Amino acid sequence: MATAKIIYGTAWKKERTTALVISAVLHGFRAIDTACQPKHYREDLVGAALQSLQNEHGIKREDIFVQTKYTPIRGQDTSQPLPYDPQTDIPTQIHASVQTSLSHLHTTYLDSLLLHSPLETLSQTLTAWRTLVGLQDSGVVRKIGVSNTYDISILEALEREGGRRADVVQNRWYEGNGWDRDVWTYCKEKGIQYQSFWTLSGSPTLLRHPSIRAISKAKGCTPAQALFKIAQLNGITPLSGTTNEAHMDEDVAVEGISLDDVQPSVAGVLDYIRS
């Protein structure tokens with residue numbers, strides 16, 4: 001399937017996850033992000049939504065890009081049921097996590113599997129990465145990548161020592177980390193899909209920027225739509241976790257917005273981000 005231009009994020013949705021995923025897909029989203037991490041995600045309820053979409057709405061599993069994550073133990077809440085035995089080695093943990101995800105999501109394959117973060121040491125991270133490479137080679141996973149990875153040297157090591165370049169990097173892209181300029185640029189240069197979160201909530205100053213406001217006025221779109229479109233045009237696939245159906249419509253509509261006639265304002269936004 002074609003690479004998604006925007007992804008629906010399911011973190012912190014709790015018991016509302018099924019209804020919100022169904023709503024997002026019915027409003028046009030065709031990519032869903034989750035994680036095998038009960039602390040922040042209900043991956044099982046994403047699976048319930050996928051079943052409902054197929055059985056009640058005729059939207060097939062293969063028409064939806066499904067991405068999940070293996071979360072190392074330090075990112076798990078050990079007071080909740082874990083998707084793997086933390087006493088086992090890292091490859092065994094990852095295989096158990098993937099089997100849990102496949103069961104939760106009622107699927108035989110994952111469109112994308114990410115390490116939720118680097119592990120405590122580079123050696124452990126490389127061990128985990130080689131396990132993902134093996135899963136990709138087996139066909140169970142189609143794309144592999146990493147999240148919360150802000151050090152280019154780790155990405156370089158994955159390719160050099162881990163045996164394969166990442167297909168996906170998913171990071172915070174917001175004013176608090178200078179819009180992750182180094183990793184974002186690296187991903188553009190290497191052809192890696194850069195997925196962003198905190199794109200709107202983390203950049204209130206940018207959403208108020210005069211150039212964003214000028215684009216919004218000229219194109220009859222919201223400032224959020226203007227920012228999402230600029231991101232898309234610059235090698236970024238944003239995540240949206242909105243619970244508002246009108247905003248879902250607006251987010252999906254971003255793909256059809258052209259900024260060809262407002263390039264000076266676009267340049268103003270990019271100059272601000274890169275400054």
# chains A, B, ... in the order shown; residues from 1 in each chain; ligands from 1
call {"tool": "closest_atom_pairs", "arguments": {"of": "stretch 186-236 of chain A", "to": "stretch 160-176 of chain A", "cutoff": "6 Å", "atoms": "only C-alpha atoms", "output": "Markdown table"}}
result
| residue | atom | partner | partner_atom | distance |
| --- | --- | --- | --- | --- |
| A:Ile192 | CA | A:Asp167 | CA | 5.2 |
| A:Gln193 | CA | A:Val168 | CA | 4.7 |
| A:Tyr194 | CA | A:Val169 | CA | 5.0 |
| A:Gln195 | CA | A:Gln170 | CA | 4.4 |
| A:Ser196 | CA | A:Trp173 | CA | 5.3 |
| A:Phe197 | CA | A:Arg172 | CA | 4.9 |
| A:Trp198 | CA | A:Arg172 | CA | 5.7 |
| A:Thr199 | CA | A:Trp173 | CA | 5.5 |
| A:Gly202 | CA | A:Tyr174 | CA | 4.9 |
| A:Ser203 | CA | A:Glu175 | CA | 5.3 |
call {"tool": "residues_around", "arguments": {"residues": "A:Leu110", "least_positions_apart": "5", "cutoff": "8 Å", "atoms": "only C-alpha atoms", "output": "number ranges by chain"}}
result
A: 66-68, 102, 140-142
call {"tool": "select_by_dssp", "arguments": {"residues": "stretch 4-236 of chain A", "states": "helix (DSSP H, G or I)", "output": "PyMOL selection string"}}
result
chain A and resi 14-26+43-57+61-63+73-75+90-105+122-138+152-160+175-190+204-207+210-219+223-233
call {"tool": "atom_distance", "arguments": {"atom1": "atom CA of A:Gly9", "atom2": "atom CA of A:Ser240"}}
result
5.5 Å
call {"tool": "atom_distance", "arguments": {"atom1": "atom CA of A:Lys39", "atom2": "atom CA of A:Gly139"}}
result
28.2 Å
call {"tool": "closest_residue", "arguments": {"among": "A:Asp261, A:Val269, A:Thr237, A:Leu135", "to": "A:Arg208", "atoms": "only C-alpha atoms"}}
result
A:Val269
call {"tool": "closest_residue", "arguments": {"among": "A:Thr71, A:Ser265, A:Ser153, A:Gln80", "to": "A:Gln93", "atoms": "only C-alpha atoms"}}
result
A:Thr71
call {"tool": "closest_residue", "arguments": {"among": "A:Glu250, A:Asp44, A:Glu245, A:Glu255", "to": "A:Ala231", "atoms": "only C-alpha atoms"}}
result
A:Glu255
call {"tool": "residues_around", "arguments": {"residues": "stretch 220-224 of chain A", "least_positions_apart": "2", "cutoff": "12 Å", "atoms": "only C-alpha atoms", "output": "NGL selection string"}}
result
:A and (198-218 or 226-231 or 238 or 240 or 242 or 246-254 or 256-259 or 269)
call {"tool": "residues_around", "arguments": {"residues": "stretch 21-36 of chain A", "least_positions_apart": "6", "cutoff": "9 Å", "atoms": "only C-alpha atoms", "output": "NGL selection string"}}
result
:A and (3-11 or 42-46 or 49-50 or 52-53 or 57 or 59 or 63-71 or 82-83 or 97-98 or 100-101 or 104 or 113-114 or 116 or 239 or 242-243 or 245-246 or 248-249 or 251-253)
call {"tool": "closest_residue", "arguments": {"among": "A:Val262, A:Ile152, A:Ala128, A:Ile73", "to": "A:Thr185", "atoms": "only C-alpha atoms"}}
result
A:Ile152
